[in-house]
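> Take this structure, written in structure tokens, and hold onto it; I'll ask about it next.
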Amino acid sequence: MSELEEKTENGSTDSLEMGVSEEQKAEGDSGIGAGVLFFIAAFAVCFLSGWLLFPNLLYSKKEQPFNFNHALHVEEMGGCDSCHYFREDGSFAGVPKLAQCVDCHAEVMGDTEDEAVFVAEYVEKEKEVPWLIYSEQPDCVFFSHSAHVVGAQMDCVSCHGHIGESTTMKPYEENRITGYSRDIWGKNIWGFKKNSWDRMKMDDCAECHEKETGSKGACFQCHK
Amino acid sequence: MTQQNHGNAHKFGMVIDLDKCTGCGSCMVACMSENNVPFKEDESNKKDSITWMRVYKLTNGKSFPDTDVCYLPRPCMHCGGKGDHGHSPCVSVCPATATDYDYGTGIVSQIYTRCFGCRYCMGACPYHARFFNWWDPKWPEGMEEYLSPDVSPRMRGVVEKCSFCFHRYQAAKDKAYLEERDTVAEEEYQTACTQACPSGAITFGDLNNPDHAVHQLVNPDPHHCGRPRNPKAFRLLERLETNPKVYYISEREWVRKAGDNYLDGEWEKAKMKKTKGHE
């Protein structure tokens, strides 16, 4: 028998064999399919937990000692600089000390619980309020309010948002690893910035400096 | 006041009159307390101790009655590098841009949080002006409260060095901004060592400003990267072309000669060249 004849004669077996191998292939295909599916599912789980869960784990929420009503006080005092003022040497006083409150708050005036806590826990005990500073930069950063507020005539809103007009304070979020405030790196995990005050990391400072002064600046301009 | 990382607006420098220095060490103490420099249990262990400003003792090597002593305070030289282009020995080797040259002030910055402690810069610095933190600083109980908030403290594993008290410049600029001035006066920005020196041996200011005392003392030559035109003034290891911003003045020839390593006969030639250059 020639080879050809042999092949024809064994044709059926051949096709049977083929059938088996095709079945095997199909099984392999569904195996790959399951693998891809598993991969996508696992990826989605990791991705979502990385992007949605992890930031929540990374940051711990802390409450301020008591609520402070900016809108009420600004109306009462007629401006920001009675509390947030510049000292004669050019430095910025920042968050006011207790001494700036006691003139009015020697005794409880209203009937809010916040004021009661404030007077009982801090004014009467002569203890400074341990405010948590949303915008606090790392130790190594030097920031100058006079350069921006006096020099560049910027308003507080462009960097701090509408804290000055608020009636309640947002919770303070602390990065568990670095201990820095969440306002430095911002909330948006994609890195999008809707408002100029959404975050204030090194690139945000440098971006504005490049635009406004033509240079990103030397390291020692913002570091100490 | 937008004198930032371009142009050569300022060039802060220091002139130290070695004939006035008594070696008392006030500058070292002032520097340490101003800059939160950590001290060690055993400060005599020089491999571990950190001295941004350090006073060295030089002698002329002669015996009595010709013996003579000179004390030489050594801060960071804030080198401009070859051609004064900002390629300081340390800056050019740093793989992390942790140390950088500020073209607006001529000051070599050190950002501790960026530094990862490879210590190339320490090897590159010909003046031994850089120090490594082998340990986290340990402050005696209660002393942490006394640290200056204007200078960030360092941690284990990073290099530190003299910054020409840059935080004082930041503070001076803050005040200038508030008063809507665009210049900082000479006396507004002075380093801690300058002000602590009881004999007035240290002078600090802007070498580019002819009104400043440092300029008048050394008369830097702008065509030779600030080489002093005052024949009594010199810079350490001038021939390396590191172009330091710290100048020394002495009437004594042996002291000036000690500012570099000369082979036999070289000093005579160097002196000739120097005097010729001034004709």
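Starting from 1 in every chain, residues are counted up; chains themselves are A, B, ... following the order of the structure tokens, and ligands are numbered from 1 as listed.
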Return as a count of residues only the residues belonging to chain B that are within 12 Å of chain A, counting only C-alpha atoms.
58
> Among region 34-253 of chain B, which ones does DSSP assign to strand (DSSP E) (computed from the backbone)? Answer as a PyMOL selection string.
chain B and resi 54-59+69-74+99-101+108-110+130-132+159-161+202-206+220-221+227-228+233-234+246-249
> Using the selection just defined, write its residues with N, CA, C and O atoms as a compact mmCIF listing (two decimals), in the first residue's frame.

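File out.txt, as written:
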# COMPACT_ATOMS: atom_id res chain seq x y z
N ARG B 54 33.62 75.44 61.57
CA ARG B 54 34.64 74.81 62.39
C ARG B 54 35.90 75.65 62.38
O ARG B 54 36.35 76.09 61.32
N VAL B 55 36.48 75.88 63.54
CA VAL B 55 37.69 76.68 63.64
C VAL B 55 38.90 75.74 63.66
O VAL B 55 39.00 74.87 64.52
N TYR B 56 39.78 75.93 62.70
CA TYR B 56 41.01 75.14 62.64
C TYR B 56 42.17 75.97 63.18
O TYR B 56 42.15 77.20 63.11
N LYS B 57 43.16 75.27 63.71
CA LYS B 57 44.35 75.97 64.21
C LYS B 57 45.51 75.72 63.24
O LYS B 57 45.81 74.58 62.92
N LEU B 58 46.12 76.81 62.77
CA LEU B 58 47.28 76.69 61.90
C LEU B 58 48.50 77.19 62.66
O LEU B 58 48.40 78.14 63.44
N THR B 59 49.67 76.60 62.41
CA THR B 59 50.90 77.15 62.98
C THR B 59 51.92 77.28 61.86
O THR B 59 51.84 76.57 60.85
N VAL B 69 50.70 81.50 65.48
CA VAL B 69 49.49 80.69 65.38
C VAL B 69 48.40 81.48 64.68
O VAL B 69 48.33 82.70 64.82
N CYS B 70 47.58 80.79 63.92
CA CYS B 70 46.45 81.46 63.28
C CYS B 70 45.24 80.54 63.38
O CYS B 70 45.36 79.32 63.21
N TYR B 71 44.09 81.11 63.68
CA TYR B 71 42.86 80.31 63.72
C TYR B 71 42.04 80.60 62.48
O TYR B 71 41.90 81.75 62.07
N LEU B 72 41.52 79.54 61.88
CA LEU B 72 40.82 79.69 60.61
C LEU B 72 39.42 79.08 60.69
O LEU B 72 39.27 77.86 60.71
N PRO B 73 38.41 79.93 60.76
CA PRO B 73 37.03 79.42 60.77
C PRO B 73 36.63 78.96 59.38
O PRO B 73 36.91 79.65 58.40
N ARG B 74 35.99 77.81 59.30
CA ARG B 74 35.63 77.25 57.99
C ARG B 74 34.14 76.91 57.90
O ARG B 74 33.71 75.86 58.35
N THR B 99 21.31 68.65 46.74
CA THR B 99 22.08 69.87 46.91
C THR B 99 22.08 70.56 45.56
O THR B 99 22.21 69.92 44.53
N ASP B 100 21.85 71.88 45.58
CA ASP B 100 21.66 72.58 44.32
C ASP B 100 22.23 73.99 44.43
O ASP B 100 22.35 74.53 45.52
N TYR B 101 22.55 74.58 43.29
CA TYR B 101 23.11 75.92 43.27
C TYR B 101 22.00 76.91 42.93
O TYR B 101 21.30 76.74 41.93
N VAL B 108 24.52 77.47 47.97
CA VAL B 108 24.37 76.04 47.69
C VAL B 108 23.40 75.46 48.71
O VAL B 108 23.67 75.45 49.90
N SER B 109 22.25 75.01 48.24
CA SER B 109 21.22 74.54 49.16
C SER B 109 21.38 73.06 49.45
O SER B 109 21.99 72.32 48.68
N GLN B 110 20.83 72.65 50.56
CA GLN B 110 20.82 71.24 50.92
C GLN B 110 19.41 70.92 51.40
O GLN B 110 18.96 71.49 52.39
N ARG B 130 31.01 69.22 54.77
CA ARG B 130 29.76 68.45 54.82
C ARG B 130 29.84 67.35 55.85
O ARG B 130 30.90 66.77 56.08
N PHE B 131 28.70 67.07 56.47
CA PHE B 131 28.67 66.10 57.57
C PHE B 131 27.51 65.13 57.41
O PHE B 131 26.45 65.50 56.92
N PHE B 132 27.76 63.92 57.85
CA PHE B 132 26.75 62.89 57.72
C PHE B 132 26.12 62.59 59.07
O PHE B 132 26.82 62.53 60.08
N VAL B 159 22.93 64.12 54.74
CA VAL B 159 24.09 65.00 54.85
C VAL B 159 23.61 66.42 55.15
O VAL B 159 22.57 66.83 54.67
N GLU B 160 24.36 67.14 55.96
CA GLU B 160 24.01 68.53 56.22
C GLU B 160 25.25 69.40 56.17
O GLU B 160 26.38 68.91 56.26
N LYS B 161 25.00 70.69 56.05
CA LYS B 161 26.12 71.65 55.98
C LYS B 161 25.60 73.06 56.18
O LYS B 161 24.39 73.29 56.20
N ILE B 202 34.41 88.49 61.14
CA ILE B 202 33.61 87.98 60.02
C ILE B 202 32.73 89.09 59.45
O ILE B 202 32.06 89.81 60.19
N THR B 203 32.74 89.21 58.13
CA THR B 203 31.88 90.17 57.45
C THR B 203 31.06 89.40 56.44
O THR B 203 31.57 88.48 55.80
N PHE B 204 29.79 89.77 56.31
CA PHE B 204 28.92 89.03 55.41
C PHE B 204 28.12 90.01 54.57
O PHE B 204 27.75 91.09 55.02
N GLY B 205 27.85 89.65 53.33
CA GLY B 205 27.04 90.52 52.48
C GLY B 205 27.03 90.05 51.04
O GLY B 205 27.38 88.90 50.74
N ASP B 206 26.63 90.95 50.16
CA ASP B 206 26.48 90.64 48.74
C ASP B 206 27.75 91.05 48.00
O ASP B 206 28.05 92.24 47.87
N PRO B 220 36.36 91.86 44.58
CA PRO B 220 36.39 90.68 43.71
C PRO B 220 36.47 91.05 42.23
O PRO B 220 35.87 92.03 41.80
N ASP B 221 37.23 90.27 41.48
CA ASP B 221 37.45 90.54 40.06
C ASP B 221 36.40 89.80 39.23
O ASP B 221 36.43 88.58 39.13
N ARG B 227 37.96 86.41 41.85
CA ARG B 227 39.25 86.31 42.53
C ARG B 227 39.52 87.64 43.24
O ARG B 227 39.26 88.70 42.68
N PRO B 228 40.03 87.59 44.46
CA PRO B 228 40.21 88.84 45.19
C PRO B 228 41.29 89.71 44.55
O PRO B 228 42.34 89.20 44.15
N ALA B 233 44.08 89.33 50.48
CA ALA B 233 42.95 88.40 50.56
C ALA B 233 43.23 87.16 49.73
O ALA B 233 43.96 87.20 48.73
N PHE B 234 42.67 86.04 50.16
CA PHE B 234 42.82 84.80 49.40
C PHE B 234 41.63 83.89 49.65
O PHE B 234 40.83 84.13 50.56
N VAL B 246 33.79 82.35 50.21
CA VAL B 246 34.36 82.73 51.50
C VAL B 246 35.80 83.15 51.26
O VAL B 246 36.59 82.41 50.66
N TYR B 247 36.11 84.37 51.65
CA TYR B 247 37.44 84.94 51.47
C TYR B 247 38.10 85.09 52.82
O TYR B 247 37.43 85.32 53.83
N TYR B 248 39.41 84.97 52.84
CA TYR B 248 40.16 85.20 54.07
C TYR B 248 41.12 86.34 53.83
O TYR B 248 41.62 86.53 52.72
N ILE B 249 41.38 87.10 54.89
CA ILE B 249 42.32 88.22 54.80
C ILE B 249 43.37 88.04 55.88
O ILE B 249 43.04 87.73 57.02
> For Ser166 (chain A), find every residue with an atom within 12 Å (counting only C-alpha atoms), except residues of its own chain fewer than 6 positions away, and show them as a PyMOL selection string.
chain A and resi 67-75+157+160
> For the selection just defined, write its residues with N, CA and C atoms to a file, as a PDB file, in the first residue's frame.

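Once everything was written out, this is result-v6.pdb:
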ATOM      1  N   ASN A  67     -16.382  73.030  67.132  1.00  0.00           N
ATOM      2  CA  ASN A  67     -16.634  73.741  65.882  1.00  0.00           C
ATOM      3  C   ASN A  67     -16.398  75.240  66.050  1.00  0.00           C
ATOM      4  N   PHE A  68     -15.833  75.834  65.015  1.00  0.00           N
ATOM      5  CA  PHE A  68     -15.626  77.276  65.014  1.00  0.00           C
ATOM      6  C   PHE A  68     -16.363  77.867  63.819  1.00  0.00           C
ATOM      7  N   ASN A  69     -17.162  78.857  64.061  1.00  0.00           N
ATOM      8  CA  ASN A  69     -18.010  79.443  63.030  1.00  0.00           C
ATOM      9  C   ASN A  69     -17.347  80.693  62.471  1.00  0.00           C
ATOM     10  N   HIS A  70     -16.747  80.554  61.267  1.00  0.00           N
ATOM     11  CA  HIS A  70     -16.046  81.694  60.681  1.00  0.00           C
ATOM     12  C   HIS A  70     -17.007  82.814  60.298  1.00  0.00           C
ATOM     13  N   ALA A  71     -18.108  82.433  59.619  1.00  0.00           N
ATOM     14  CA  ALA A  71     -19.029  83.444  59.100  1.00  0.00           C
ATOM     15  C   ALA A  71     -19.509  84.360  60.224  1.00  0.00           C
ATOM     16  N   LEU A  72     -19.870  83.733  61.344  1.00  0.00           N
ATOM     17  CA  LEU A  72     -20.362  84.508  62.488  1.00  0.00           C
ATOM     18  C   LEU A  72     -19.304  85.489  62.995  1.00  0.00           C
ATOM     19  N   HIS A  73     -18.075  85.000  63.138  1.00  0.00           N
ATOM     20  CA  HIS A  73     -17.018  85.840  63.708  1.00  0.00           C
ATOM     21  C   HIS A  73     -16.558  86.923  62.748  1.00  0.00           C
ATOM     22  N   VAL A  74     -16.516  86.581  61.447  1.00  0.00           N
ATOM     23  CA  VAL A  74     -16.081  87.591  60.478  1.00  0.00           C
ATOM     24  C   VAL A  74     -17.074  88.747  60.483  1.00  0.00           C
ATOM     25  N   GLU A  75     -18.357  88.399  60.585  1.00  0.00           N
ATOM     26  CA  GLU A  75     -19.375  89.452  60.662  1.00  0.00           C
ATOM     27  C   GLU A  75     -19.185  90.280  61.935  1.00  0.00           C
ATOM     28  N   VAL A 157      -8.873  82.937  49.508  1.00  0.00           N
ATOM     29  CA  VAL A 157      -9.668  81.871  48.893  1.00  0.00           C
ATOM     30  C   VAL A 157      -8.858  81.076  47.875  1.00  0.00           C
ATOM     31  N   HIS A 160      -6.903  78.639  50.132  1.00  0.00           N
ATOM     32  CA  HIS A 160      -7.563  77.950  51.248  1.00  0.00           C
ATOM     33  C   HIS A 160      -9.009  77.575  50.953  1.00  0.00           C
TER      34      HIS A 160
END
> How far is it from CA of Asp66 (chain B) to CA of Glu238 (chain B), in Å with one decimal?
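Spanning CA of Asp66 (chain B) to CA of Glu238 (chain B) is a straight-line distance of 27.5 Å.
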> May I have all residues of region 215-247 of chain B that DSSP, computed from the backbone, assigns to alpha helix (DSSP H), given as a list in words?
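Assigned to alpha helix (DSSP H), within region 215-247 of chain B: His215, Gln216, Leu217 and Val218 of chain B.
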> As an exercise, work out the distance from CA of Gly265 (chain B) to CA of His128 (chain B) in Å and give it to one decimal place.
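So the answer is 27.2 Å.
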> Residues within 12 Å of region 133-138 of chain B, please, as a CSV table (one decimal) with N, CA and C atoms, in the first residue's frame. Count only C-alpha atoms; anything in the same chain fewer than 4 positions from it doesn't count.

chain,number,residue,atom,x,y,z
B,36,ASN,N,20.0,74.3,64.8
B,36,ASN,CA,19.6,73.1,65.4
B,36,ASN,C,20.6,71.9,65.1
B,37,VAL,N,21.9,72.3,65.1
B,37,VAL,CA,22.9,71.2,64.8
B,37,VAL,C,22.9,70.3,66.0
B,38,PRO,N,22.8,69.0,65.8
B,38,PRO,CA,22.8,68.1,66.9
B,38,PRO,C,24.2,67.9,67.4
B,39,PHE,N,24.3,67.7,68.7
B,39,PHE,CA,25.6,67.4,69.3
B,39,PHE,C,25.6,66.0,69.9
B,40,LYS,N,26.8,65.5,70.1
B,40,LYS,CA,26.9,64.1,70.4
B,40,LYS,C,27.4,63.9,71.8
B,41,GLU,N,27.2,62.8,72.4
B,41,GLU,CA,27.7,62.5,73.7
B,41,GLU,C,29.2,62.8,73.8
B,47,LYS,N,34.7,61.8,64.0
B,47,LYS,CA,34.0,61.1,62.9
B,47,LYS,C,32.5,61.2,63.0
B,48,ASP,N,32.1,61.6,64.2
B,48,ASP,CA,30.6,61.6,64.5
B,48,ASP,C,30.1,63.0,64.6
B,49,SER,N,30.9,63.9,65.1
B,49,SER,CA,30.4,65.2,65.5
B,49,SER,C,30.2,66.1,64.2
B,50,ILE,N,29.3,67.0,64.3
B,50,ILE,CA,28.9,67.8,63.2
B,50,ILE,C,29.2,69.3,63.5
B,51,THR,N,29.9,69.9,62.7
B,51,THR,CA,30.3,71.3,62.9
B,51,THR,C,30.2,72.1,61.6
B,112,TYR,N,17.3,68.3,53.0
B,112,TYR,CA,17.5,67.0,53.8
B,112,TYR,C,16.5,65.9,53.4
B,115,CYS,N,17.8,64.1,50.3
B,115,CYS,CA,19.0,63.4,50.4
B,115,CYS,C,18.8,62.0,50.9
B,116,PHE,N,19.5,61.0,50.2
B,116,PHE,CA,19.4,59.6,50.6
B,116,PHE,C,20.7,59.1,51.2
B,117,GLY,N,21.6,60.0,51.4
B,117,GLY,CA,22.8,59.6,52.2
B,117,GLY,C,23.9,58.9,51.5
B,118,CYS,N,24.0,59.1,50.2
B,118,CYS,CA,25.1,58.3,49.5
B,118,CYS,C,26.5,58.9,49.8
B,119,ARG,N,26.5,60.2,50.2
B,119,ARG,CA,27.7,60.9,50.6
B,119,ARG,C,28.7,61.1,49.5
B,122,MET,N,30.2,64.5,50.1
B,122,MET,CA,31.2,64.7,51.1
B,122,MET,C,32.6,64.3,50.5
B,142,GLY,N,13.7,68.1,77.2
B,142,GLY,CA,13.2,69.4,77.2
B,142,GLY,C,13.8,70.4,76.2
B,143,MET,N,14.9,69.9,75.6
B,143,MET,CA,15.6,70.9,74.7
B,143,MET,C,14.9,71.0,73.4
B,144,GLU,N,14.1,70.0,73.0
B,144,GLU,CA,13.4,70.0,71.7
B,144,GLU,C,12.6,71.3,71.6
B,147,LEU,N,14.4,74.3,70.1
B,147,LEU,CA,14.9,74.3,68.7
B,147,LEU,C,14.2,75.4,67.9
B,153,PRO,N,14.9,70.2,61.3
B,153,PRO,CA,15.9,69.3,61.9
B,153,PRO,C,16.2,68.2,60.9
B,154,ARG,N,17.3,67.6,61.1
B,154,ARG,CA,17.8,66.5,60.2
B,154,ARG,C,17.5,65.2,60.9
B,155,MET,N,17.5,64.1,60.0
B,155,MET,CA,17.3,62.8,60.6
B,155,MET,C,18.5,61.9,60.2
B,156,ARG,N,18.5,60.7,60.7
B,156,ARG,CA,19.6,59.8,60.4
B,156,ARG,C,19.7,59.5,58.9
B,157,GLY,N,20.9,59.5,58.4
B,157,GLY,CA,21.1,59.1,57.0
B,157,GLY,C,21.1,60.2,56.0
B,158,VAL,N,21.2,61.4,56.5
B,158,VAL,CA,21.3,62.5,55.5
B,158,VAL,C,22.5,63.4,55.8
B,159,VAL,N,22.9,64.1,54.7
B,159,VAL,CA,24.1,65.0,54.8
B,159,VAL,C,23.6,66.4,55.2
B,160,GLU,N,24.4,67.1,56.0
B,160,GLU,CA,24.0,68.5,56.2
B,160,GLU,C,25.2,69.4,56.2
B,161,LYS,N,25.0,70.7,56.0
B,161,LYS,CA,26.1,71.6,56.0
B,161,LYS,C,25.6,73.1,56.2
> Measure the distance from CA of Gln190 (chain B) to CA of Gly226 (chain B) in Å and round it to one decimal.
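Going from CA of Gln190 (chain B) over to CA of Gly226 (chain B) covers 20.6 Å.
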